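Structure below is input25.cif: mmCIF, C-alpha atoms.
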```cif
data_final
#
loop_
_atom_site.label_atom_id
_atom_site.label_comp_id
_atom_site.auth_asym_id
_atom_site.auth_seq_id
_atom_site.Cartn_x
_atom_site.Cartn_y
_atom_site.Cartn_z
CA MET C 166 33.19 -7.82 11.87
CA VAL C 167 30.32 -6.03 10.14
CA ILE C 168 26.74 -7.16 9.76
CA ARG C 169 24.70 -5.28 7.18
CA ILE C 170 21.00 -4.83 7.82
CA ALA C 171 18.43 -3.38 5.45
CA ALA C 172 15.10 -2.35 6.95
CA VAL C 173 11.76 -0.75 6.12
CA GLY C 174 8.28 -0.79 7.61
CA ASP C 175 4.78 0.36 6.71
CA VAL C 176 4.90 -0.50 3.02
CA HIS C 177 1.14 -1.21 2.99
CA LEU C 178 1.16 -3.39 -0.10
CA ASP C 179 -1.76 -4.17 -2.36
CA GLU C 180 -1.93 -4.75 -6.11
CA ASP C 181 -1.44 -1.02 -6.81
CA VAL C 182 1.98 -1.00 -5.11
CA VAL C 183 3.44 -4.27 -6.40
CA GLY C 184 6.62 -3.57 -8.36
CA ARG C 185 7.37 -0.15 -6.87
CA PHE C 186 9.95 -1.48 -4.39
CA ARG C 187 11.31 -4.25 -6.56
CA PRO C 188 13.97 -2.32 -8.58
CA ALA C 189 15.62 -1.13 -5.35
CA LEU C 190 15.20 -4.57 -3.76
CA GLU C 191 16.96 -6.21 -6.71
CA GLU C 192 20.07 -4.27 -5.65
CA LEU C 193 19.93 -5.64 -2.12
CA SER C 194 21.65 -8.99 -2.53
CA GLY C 195 25.37 -8.54 -1.99
CA HIS C 196 24.89 -5.27 -0.10
CA ALA C 197 22.91 -6.47 2.92
CA ASP C 198 22.96 -9.65 4.98
CA ALA C 199 19.27 -9.49 5.84
CA LEU C 200 16.15 -7.42 5.24
CA LEU C 201 14.00 -6.66 8.27
CA LEU C 202 10.38 -5.51 7.83
CA ALA C 203 8.82 -3.57 10.69
CA GLY C 204 5.16 -4.49 10.16
CA ASP C 205 2.19 -3.01 8.30
CA LEU C 206 3.16 -4.95 5.22
CA THR C 207 -0.43 -4.81 3.96
CA ARG C 208 -3.34 -2.33 3.92
CA HIS C 209 -6.01 -4.52 5.51
CA GLY C 210 -4.27 -7.78 6.40
CA THR C 211 -5.90 -9.97 3.77
CA GLU C 212 -4.43 -13.11 2.29
CA SER C 213 -4.44 -11.57 -1.19
CA GLU C 214 -2.49 -8.55 0.05
CA ALA C 215 -0.05 -10.92 1.75
CA ARG C 216 0.49 -12.56 -1.65
CA CYS C 217 1.48 -9.11 -2.96
CA VAL C 218 4.02 -8.86 -0.13
CA ALA C 219 5.33 -12.31 -0.99
CA ARG C 220 5.80 -11.29 -4.64
CA GLU C 221 7.50 -8.02 -3.78
CA PHE C 222 9.73 -9.20 -0.92
CA GLY C 223 10.20 -12.89 -1.74
CA GLY C 224 13.17 -14.39 -3.55
CA LEU C 225 15.57 -11.54 -2.83
CA GLY C 226 18.62 -13.68 -2.17
CA VAL C 227 18.86 -12.48 1.44
CA PRO C 228 16.87 -13.65 4.48
CA VAL C 229 13.74 -11.56 5.08
CA VAL C 230 12.44 -11.31 8.64
CA THR C 231 9.28 -9.48 9.64
CA VAL C 232 6.78 -8.71 12.37
CA LEU C 233 3.16 -7.90 11.65
CA GLY C 234 1.65 -4.47 12.23
CA ASN C 235 -1.83 -3.29 13.20
CA HIS C 236 -2.94 -3.05 9.55
CA ASP C 237 -1.98 -6.71 9.09
CA HIS C 238 -4.64 -7.59 11.69
CA GLN C 239 -7.49 -5.49 10.28
CA CYS C 240 -9.38 -8.32 8.50
CA ASP C 241 -8.73 -10.94 11.19
CA GLN C 242 -6.78 -13.07 8.73
CA ALA C 243 -3.42 -12.92 10.52
CA PRO C 244 -2.88 -16.72 10.43
CA GLN C 245 -3.42 -16.76 6.65
CA VAL C 246 -1.15 -13.74 6.24
CA VAL C 247 1.59 -15.43 8.26
CA ARG C 248 1.24 -18.66 6.30
CA THR C 249 1.42 -16.86 2.96
CA LEU C 250 4.54 -14.97 4.00
CA GLU C 251 6.21 -18.09 5.38
CA ASP C 252 5.42 -19.99 2.17
CA ALA C 253 7.42 -17.28 0.38
CA GLY C 254 10.38 -17.86 2.71
CA ILE C 255 9.75 -14.81 4.90
CA THR C 256 10.26 -15.40 8.63
CA VAL C 257 7.46 -13.91 10.75
CA LEU C 258 8.35 -13.20 14.37
CA GLU C 259 5.89 -12.76 17.24
CA GLY C 260 7.48 -13.26 20.61
CA ASP C 261 10.32 -15.32 19.23
CA GLY C 262 13.60 -14.86 17.43
CA ILE C 263 15.97 -16.16 14.81
CA VAL C 264 19.74 -16.31 14.47
CA LEU C 265 21.12 -15.79 10.97
CA ASP C 266 24.64 -16.85 10.04
CA CYS C 267 26.07 -13.89 8.15
CA ALA C 268 29.55 -13.40 6.73
CA GLY C 269 30.32 -10.93 9.53
CA GLY C 270 28.93 -13.05 12.37
CA ARG C 271 25.68 -14.30 13.84
CA LEU C 272 22.79 -11.85 13.64
CA GLY C 273 20.05 -12.42 16.21
CA VAL C 274 16.65 -10.84 15.59
CA ALA C 275 13.83 -10.98 18.13
CA GLY C 276 10.47 -9.48 17.28
CA VAL C 277 6.95 -8.67 18.35
CA LYS C 278 4.29 -6.42 16.93
CA GLY C 279 4.12 -4.63 20.25
CA PHE C 280 1.25 -2.37 21.28
CA GLY C 281 0.39 1.08 22.61
CA GLY C 282 0.10 2.39 26.13
CA GLY C 283 2.36 5.41 26.22
CA PHE C 284 5.60 6.36 27.82
CA ALA C 285 6.94 6.72 31.35
CA GLY C 286 4.91 9.12 33.45
CA ARG C 287 2.22 9.54 30.79
CA CYS C 288 1.02 6.03 30.18
CA ALA C 289 -1.99 3.83 30.68
CA SER C 290 -2.14 1.71 33.84
CA ASP C 291 -3.39 -1.79 34.52
CA PHE C 292 -6.32 -0.44 36.52
CA GLY C 293 -10.06 0.13 36.27
CA GLU C 294 -12.37 -1.20 33.59
CA PRO C 295 -11.74 -4.62 32.06
CA GLU C 296 -11.16 -2.95 28.68
CA MET C 297 -8.38 -0.76 30.09
CA LYS C 298 -6.75 -3.64 31.91
CA ALA C 299 -6.91 -5.77 28.76
CA PHE C 300 -5.29 -2.95 26.80
CA VAL C 301 -2.37 -2.56 29.20
CA ARG C 302 -1.94 -6.30 29.68
CA THR C 303 -1.69 -6.74 25.90
CA THR C 304 1.23 -4.32 25.97
CA THR C 305 2.85 -5.94 28.98
CA ASP C 306 2.53 -9.45 27.55
CA SER C 307 4.02 -8.31 24.26
CA ALA C 308 6.95 -6.59 25.95
CA ASP C 309 7.58 -9.59 28.20
CA ALA C 310 7.65 -11.85 25.14
CA LEU C 311 10.10 -9.52 23.39
CA GLY C 312 12.41 -9.38 26.41
CA ALA C 313 12.42 -13.17 26.80
CA ALA C 314 13.10 -13.67 23.09
CA LEU C 315 15.95 -11.14 23.09
CA ARG C 316 17.59 -12.74 26.14
CA SER C 317 17.29 -16.23 24.64
CA LEU C 318 19.33 -15.60 21.49
CA ASP C 319 22.99 -16.63 21.28
CA CYS C 320 24.50 -14.32 18.69
CA ASP C 321 27.15 -11.67 17.96
CA VAL C 322 24.78 -8.79 17.13
CA LEU C 323 21.29 -8.56 18.62
CA VAL C 324 18.47 -6.58 16.98
CA ALA C 325 14.94 -5.94 18.28
CA LEU C 326 12.22 -5.64 15.64
CA THR C 327 8.80 -4.18 16.49
CA HIS C 328 5.99 -2.34 14.78
CA TYR C 329 5.08 -0.07 17.70
CA SER C 330 7.73 2.27 19.04
CA PRO C 331 9.72 1.53 22.19
CA VAL C 332 10.62 5.20 22.77
CA PRO C 333 9.02 8.63 22.30
CA ASP C 334 12.15 10.03 20.60
CA THR C 335 11.30 8.60 17.19
CA LEU C 336 7.71 9.85 17.41
CA ALA C 337 8.76 13.51 17.25
CA GLY C 338 6.55 15.06 14.60
CA GLU C 339 3.46 13.12 15.62
CA PRO C 340 0.79 14.86 17.72
CA LEU C 341 1.63 14.37 21.41
CA GLU C 342 -1.96 13.34 22.04
CA ILE C 343 -1.59 10.10 20.05
CA TYR C 344 1.75 8.93 21.50
CA PRO C 345 -0.05 6.31 23.65
CA PHE C 346 -1.36 4.73 20.43
CA LEU C 347 2.05 4.67 18.82
CA GLY C 348 4.14 2.80 21.34
CA SER C 349 4.94 1.98 24.92
CA TYR C 350 7.85 2.29 27.32
CA GLN C 351 7.57 -1.41 28.23
CA LEU C 352 8.99 -2.30 24.82
CA GLY C 353 12.02 -0.11 25.58
CA GLN C 354 12.38 -1.77 28.95
CA ALA C 355 12.40 -5.18 27.25
CA ILE C 356 15.02 -4.01 24.75
CA ASP C 357 17.18 -2.73 27.60
CA SER C 358 16.94 -6.08 29.40
CA ALA C 359 19.24 -7.69 26.81
CA PRO C 360 22.50 -6.67 25.10
CA THR C 361 20.56 -5.23 22.17
CA ALA C 362 22.60 -3.37 19.55
CA LEU C 363 19.75 -1.80 17.59
CA ALA C 364 15.97 -1.52 17.82
CA LEU C 365 13.92 -1.03 14.64
CA HIS C 366 10.26 -0.05 14.47
CA GLY C 367 7.66 1.54 12.19
CA HIS C 368 4.04 2.69 12.73
CA ALA C 369 4.77 6.41 13.26
CA HIS C 370 4.46 7.85 9.75
CA HIS C 371 5.10 11.43 10.88
CA GLY C 372 7.88 10.54 13.32
CA THR C 373 11.64 10.90 12.99
CA GLU C 374 14.40 8.43 12.30
CA ARG C 375 16.64 8.41 15.34
CA GLY C 376 16.32 7.89 19.04
CA ALA C 377 17.63 5.81 21.92
CA THR C 378 16.20 3.85 24.82
CA PRO C 379 16.84 5.00 28.41
CA GLY C 380 19.48 2.24 28.49
CA GLY C 381 21.27 3.69 25.48
CA VAL C 382 20.19 1.27 22.75
CA ARG C 383 19.89 3.03 19.41
CA VAL C 384 16.37 3.09 18.00
CA ARG C 385 15.50 3.73 14.37
CA ASN C 386 12.03 4.43 12.97
CA VAL C 387 12.13 2.81 9.53
CA ALA C 388 8.51 3.54 8.54
CA HIS C 389 8.55 4.11 4.78
CA PRO C 390 7.02 7.61 5.00
CA VAL C 391 9.81 8.54 7.42
CA ILE C 392 12.84 7.15 5.56
CA LYS C 393 11.42 8.12 2.14
CA GLN C 394 13.40 5.45 0.30
CA ALA C 395 12.87 1.75 -0.40
CA TYR C 396 14.81 0.75 2.75
CA SER C 397 17.56 1.99 5.03
CA VAL C 398 20.87 0.17 5.48
CA PHE C 399 22.72 -0.10 8.79
CA HIS C 400 26.21 -1.52 9.30
CA LEU C 401 26.64 -2.95 12.78
CA GLY C 402 29.72 -4.40 14.39
CA ASP C 403 33.02 -3.67 16.02
CA HIS C 404 34.52 -1.99 12.96
CA LEU C 405 34.08 1.49 14.46
CA ASP C 406 34.80 2.99 17.85
CA GLN C 407 32.14 4.66 19.96
CA ALA C 408 33.18 8.13 18.77
CA GLN C 409 31.83 7.23 15.36
CA VAL C 410 28.28 6.65 16.47
CA SER C 411 25.74 7.22 13.72
CA GLY C 412 28.35 7.98 11.12
CA VAL C 413 27.01 8.11 7.61
CA GLY C 414 28.84 6.24 4.84
CA ALA C 415 31.31 8.85 3.58
CA SER C 416 30.68 8.43 -0.10
CA GLY C 417 27.15 7.07 0.19
CA ILE C 418 26.25 3.76 -1.34
CA GLN C 419 24.88 5.03 -4.60
CA GLN C 420 28.38 5.10 -6.07
CA SER C 421 29.41 1.69 -4.83
CA TRP C 422 26.06 0.12 -5.65
CA SER C 423 25.74 1.29 -9.20
CA MET B 89 -19.36 6.42 11.94
CA THR B 90 -21.81 8.87 13.54
CA GLU B 91 -23.97 10.73 11.03
CA HIS B 92 -24.58 14.45 11.39
CA ARG B 93 -28.13 15.77 11.33
CA ASP B 94 -28.64 18.24 8.54
CA VAL B 95 -29.04 21.70 10.01
CA ALA B 96 -29.11 24.99 8.19
CA THR B 97 -25.49 25.82 8.91
CA GLY B 98 -24.19 22.28 8.65
CA PRO B 99 -22.09 20.56 11.30
CA PRO B 100 -19.32 22.50 13.05
CA ASP B 101 -16.03 22.30 11.19
CA GLU B 102 -14.35 20.41 14.01
CA TYR B 103 -16.81 17.52 13.69
CA VAL B 104 -16.34 17.44 9.91
CA GLU B 105 -12.59 17.32 10.46
CA ALA B 106 -13.01 14.44 12.91
CA GLU B 107 -15.32 12.56 10.53
CA ILE B 108 -12.92 12.93 7.62
CA HIS B 109 -10.05 11.75 9.78
CA ARG B 110 -11.98 8.64 10.78
CA LEU B 111 -13.21 8.08 7.24
CA LEU B 112 -9.61 8.03 6.00
CA THR B 113 -8.79 5.21 8.39
CA GLU B 114 -12.04 3.26 8.55
CA ASP B 115 -13.13 3.34 4.90
CA PRO B 116 -11.74 0.10 3.45
CA ALA B 117 -11.06 1.89 0.17
CA VAL B 118 -8.67 4.23 1.97
CA ALA B 119 -7.34 2.71 5.23
CA GLU B 120 -4.79 5.46 5.75
CA GLN B 121 -3.74 6.50 9.25
CA GLY B 122 -1.04 8.90 8.11
CA ILE B 123 -3.14 11.64 6.51
CA THR B 124 -3.45 14.92 8.39
CA VAL B 125 -6.59 17.03 8.03
CA VAL B 126 -6.01 20.74 8.60
CA ARG B 127 -8.76 23.37 8.77
CA ARG B 128 -7.99 26.53 6.82
CA GLU B 129 -10.11 29.60 6.20
CA ARG B 130 -11.10 28.41 2.73
CA GLY B 131 -11.71 24.76 3.58
CA LEU B 132 -9.85 21.63 4.54
CA VAL B 133 -6.37 20.65 3.42
CA LEU B 134 -5.22 17.03 3.39
CA TYR B 135 -1.51 16.41 4.00
CA GLY B 136 0.48 13.21 4.03
CA GLU B 137 2.06 10.58 1.88
CA VAL B 138 0.71 7.37 0.37
CA GLU B 139 2.13 4.40 -1.49
CA SER B 140 0.57 4.95 -4.92
CA PRO B 141 -1.06 7.65 -7.12
CA HIS B 142 -4.21 5.49 -7.13
CA ARG B 143 -4.53 5.84 -3.34
CA ARG B 144 -4.12 9.60 -3.52
CA GLU B 145 -6.93 9.82 -6.07
CA GLU B 146 -9.11 7.46 -4.08
CA ILE B 147 -8.76 9.58 -0.92
CA LEU B 148 -9.95 12.70 -2.74
CA ARG B 149 -12.77 10.82 -4.41
CA ARG B 150 -14.10 9.31 -1.17
CA VAL B 151 -13.83 12.52 0.82
CA ALA B 152 -15.52 14.56 -1.92
CA GLU B 153 -18.27 11.93 -2.18
CA ARG B 154 -18.94 11.97 1.56
CA PHE B 155 -18.61 15.75 2.03
CA PRO B 156 -19.70 17.26 -1.32
CA HIS B 157 -20.09 20.78 0.09
CA VAL B 158 -16.76 21.01 1.90
CA PRO B 159 -13.96 22.61 -0.14
CA ILE B 160 -11.02 20.18 -0.03
CA THR B 161 -7.47 20.82 -1.13
CA SER B 162 -4.98 17.97 -1.35
CA ASP B 163 -1.26 18.11 -0.74
CA ILE B 164 -0.73 14.36 -0.61
CA GLY B 165 2.47 12.95 -2.04
CA VAL B 166 3.55 9.48 -3.19
CA ILE B 167 6.50 8.13 -1.20
CA ARG B 168 9.68 7.58 -3.17
CA THR B 169 11.04 4.02 -3.44
CA GLN B 170 14.57 4.51 -4.70
CA ALA B 171 17.52 2.56 -3.27
CA PRO B 172 19.30 4.40 -0.44
CA THR B 173 22.19 6.69 -1.23
CA GLU B 174 23.76 6.43 2.23
CA ILE B 175 24.30 3.81 4.88
CA GLU B 176 24.40 4.38 8.61
CA GLU B 177 27.44 2.99 10.41
CA LEU B 178 26.75 1.87 13.97
CA PRO B 179 29.56 0.58 16.23
#
```

This entry written out as structure tokens:
Amino acid sequence: MVIRIAAVGDVHLDEDVVGRFRPALEELSGHADALLLAGDLTRHGTESEARCVAREFGGLGVPVVTVLGNHDHQCDQAPQVVRTLEDAGITVLEGDGIVLDCAGGRLGVAGVKGFGGGFAGRCASDFGEPEMKAFVRTTTDSADALGAALRSLDCDVLVALTHYSPVPDTLAGEPLEIYPFLGSYQLGQAIDSAPTALALHGHAHHGTERGATPGGVRVRNVAHPVIKQAYSVFHLGDHLDQAQVSGVGASGIQQSWS
Amino acid sequence: MTEHRDVATGPPDEYVEAEIHRLLTEDPAVAEQGITVVRRERGLVLYGEVESPHRREEILRRVAERFPHVPITSDIGVIRTQAPTEIEELP
């Protein structure tokens, strides 16, 4: 049983980017069971930018599932952005999940945007000024929603999709000082509360691809500036044994795709 | 964004660096959080990657407009969008 997942985040679409991803996306159908987008689909979160996303990522022949990112909230038009994406057949998750019937089994995806706060031992606390408490509670509420959504899904392979990072591992390369604005350990805790197979996030443009939660769930930063390709592809399932963790397709997919 | 008072020597470099960094994010024509501003002996260097050549040009234009007397060098790239050549197998 193999489920094939394509993923990218932080594509920041506007008119000037429309068409850049499309040639690679046209190759997707038949080689991936779903495309997951890890937020920051737009530059400023306007309805017109969301229409660009719909044109670029709509009608691909595979289900497209996304969360929003911080950029997608900039112009306070998130409801219009969500509606535009959903009209194009893109599923937008925020504290909920979806189960997709794929050839290799049922793929469950639970998602939230997430929020900052930092990581164990060096994080913000729910204490002090109202602004600080609101900040930390936003993170906690988001993580709680992610955990509940992950635990609610009945599926063969479970994937967590966020914009903010659940671990510091995949932030390596970013200045340490801004880690609290890039993710929070509570997201990792939520991911570890369910039998999650893979966690995907974006947001950290200078981060690195691979990490793991304290509970051992593999985490991948799929921010476009990090993966430096239109999307990454992951094959998940019971087709490999544990010794083959993070193996890379022996011949690559360029040969088999072209 | 806080404006600097004009003084004979201009604002300290660190404040200029901070202002440029905020400009890159907060200016609607730019809205980039992934650009690094580095102070060098001969001026400021901008590093990072953006989604289109237009955005790279716009960053330089806006920064030069706001800080006409600061020497700026750009090493900003446009992120590739080719299909992947490898897959990652996860058990």

**Request:** Convert the output of the PyMOL selection byres ((chain C and resi 277-291) around 8) on the shown file into explicit residues, formatted as a PyMOL selection string.
**Result:** chain C and resi 204+232-235+258-261+275-276+292-293+297-304+307-308+310-311+326-330+332-333+344-350+352

**Asked** Pick the closest to chain C from B:Val125, B:Leu112, B:Ala106, B:Val118: which is it, counting all atoms listed in the file?
**Response**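 Comparing B:Val125, B:Leu112, B:Ala106, B:Val118 against chain C, the winner is B:Val118.
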
**Message:** Taking all atoms listed in the file into account, name the residue in B:Glu153, B:Val158, B:Leu134, B:Glu114 that is nearest to chain C.
**Reply:**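 Among the listed residues, the smallest separation from chain C belongs to B:Glu114.
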
**Message:** From (-1.8, 17.3, 7.1), in the file's coordinates, out to 7 Å: which residues are reached, counting only C-alpha atoms? Answer as a ChimeraX atom specification.
**Reply:** /B:123-126,133-136

Export, as a PDB file, in the frame of the given file, the selected residues with C-alpha atoms.
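Output (part.pdb):
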```pdb
ATOM      1  CA  ILE B 123      -3.140  11.640   6.510  1.00  0.00           C
ATOM      2  CA  THR B 124      -3.450  14.920   8.390  1.00  0.00           C
ATOM      3  CA  VAL B 125      -6.590  17.030   8.030  1.00  0.00           C
ATOM      4  CA  VAL B 126      -6.010  20.740   8.600  1.00  0.00           C
ATOM      5  CA  VAL B 133      -6.370  20.650   3.420  1.00  0.00           C
ATOM      6  CA  LEU B 134      -5.220  17.030   3.390  1.00  0.00           C
ATOM      7  CA  TYR B 135      -1.510  16.410   4.000  1.00  0.00           C
ATOM      8  CA  GLY B 136       0.480  13.210   4.030  1.00  0.00           C
TER       9      GLY B 136
END
```

Chain B near chain C within 12 Å: what's each residue's closest atom pair and its distance in Å to one decimal, counting only C-alpha atoms, ordered by chain then ascending residue number, as a Markdown table?
```
| residue | atom | partner | partner_atom | distance |
| --- | --- | --- | --- | --- |
| B:Thr113 | CA | C:His236 | CA | 10.2 |
| B:Glu114 | CA | C:Gln239 | CA | 10.0 |
| B:Asp115 | CA | C:His209 | CA | 10.6 |
| B:Pro116 | CA | C:His209 | CA | 7.6 |
| B:Ala117 | CA | C:Arg208 | CA | 9.6 |
| B:Val118 | CA | C:Arg208 | CA | 8.7 |
| B:Ala119 | CA | C:Arg208 | CA | 6.6 |
| B:Glu120 | CA | C:Arg208 | CA | 8.1 |
| B:Gln121 | CA | C:His370 | CA | 8.3 |
| B:Gly122 | CA | C:His370 | CA | 5.8 |
| B:Ile123 | CA | C:His370 | CA | 9.1 |
| B:Thr124 | CA | C:His371 | CA | 9.6 |
| B:Tyr135 | CA | C:His371 | CA | 10.8 |
| B:Gly136 | CA | C:His371 | CA | 8.5 |
| B:Glu137 | CA | C:Pro390 | CA | 6.6 |
| B:Val138 | CA | C:Pro390 | CA | 7.8 |
| B:Glu139 | CA | C:Val182 | CA | 6.5 |
| B:Ser140 | CA | C:Val182 | CA | 6.1 |
| B:Pro141 | CA | C:Asp181 | CA | 8.7 |
| B:His142 | CA | C:Asp181 | CA | 7.1 |
| B:Arg143 | CA | C:Asp181 | CA | 8.3 |
| B:Arg144 | CA | C:Asp181 | CA | 11.4 |
| B:Glu146 | CA | C:Asp181 | CA | 11.8 |
| B:Ile164 | CA | C:Pro390 | CA | 11.7 |
| B:Gly165 | CA | C:Pro390 | CA | 9.9 |
| B:Val166 | CA | C:Pro390 | CA | 9.1 |
| B:Ile167 | CA | C:Lys393 | CA | 5.9 |
| B:Arg168 | CA | C:Gln394 | CA | 5.5 |
| B:Thr169 | CA | C:Ala395 | CA | 4.2 |
| B:Gln170 | CA | C:Gln394 | CA | 5.2 |
| B:Ala171 | CA | C:Ala189 | CA | 4.6 |
| B:Pro172 | CA | C:Gln394 | CA | 6.0 |
| B:Thr173 | CA | C:Gln419 | CA | 4.6 |
| B:Glu174 | CA | C:Gly417 | CA | 4.0 |
| B:Ile175 | CA | C:Val398 | CA | 5.0 |
| B:Glu176 | CA | C:Val413 | CA | 4.7 |
| B:Glu177 | CA | C:His400 | CA | 4.8 |
| B:Leu178 | CA | C:Leu401 | CA | 5.0 |
| B:Pro179 | CA | C:Leu405 | CA | 4.9 |
```

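When all atoms listed in the file are used to measure the gap to Val227 of chain C, the shortest distance among C:Val322, C:Leu200, C:Val246, C:Ile263 belongs to C:Leu200.
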
**Request:** Could you state which residues are captured by the PyMOL selection byres ((chain B and resi 159) around 9) in this file, as a list in words?
**Result:** Arg130, Gly131, Leu132, Val133, Ala152, Phe155, Pro156, His157, Val158, Ile160 and Thr161 of chain B

**Chain and number of each residue from the PyMOL selection byres ((chain B and resi 104) around 10), as number ranges by chain** = B: 92, 98-103, 105-110, 125, 127, 132, 155, 158
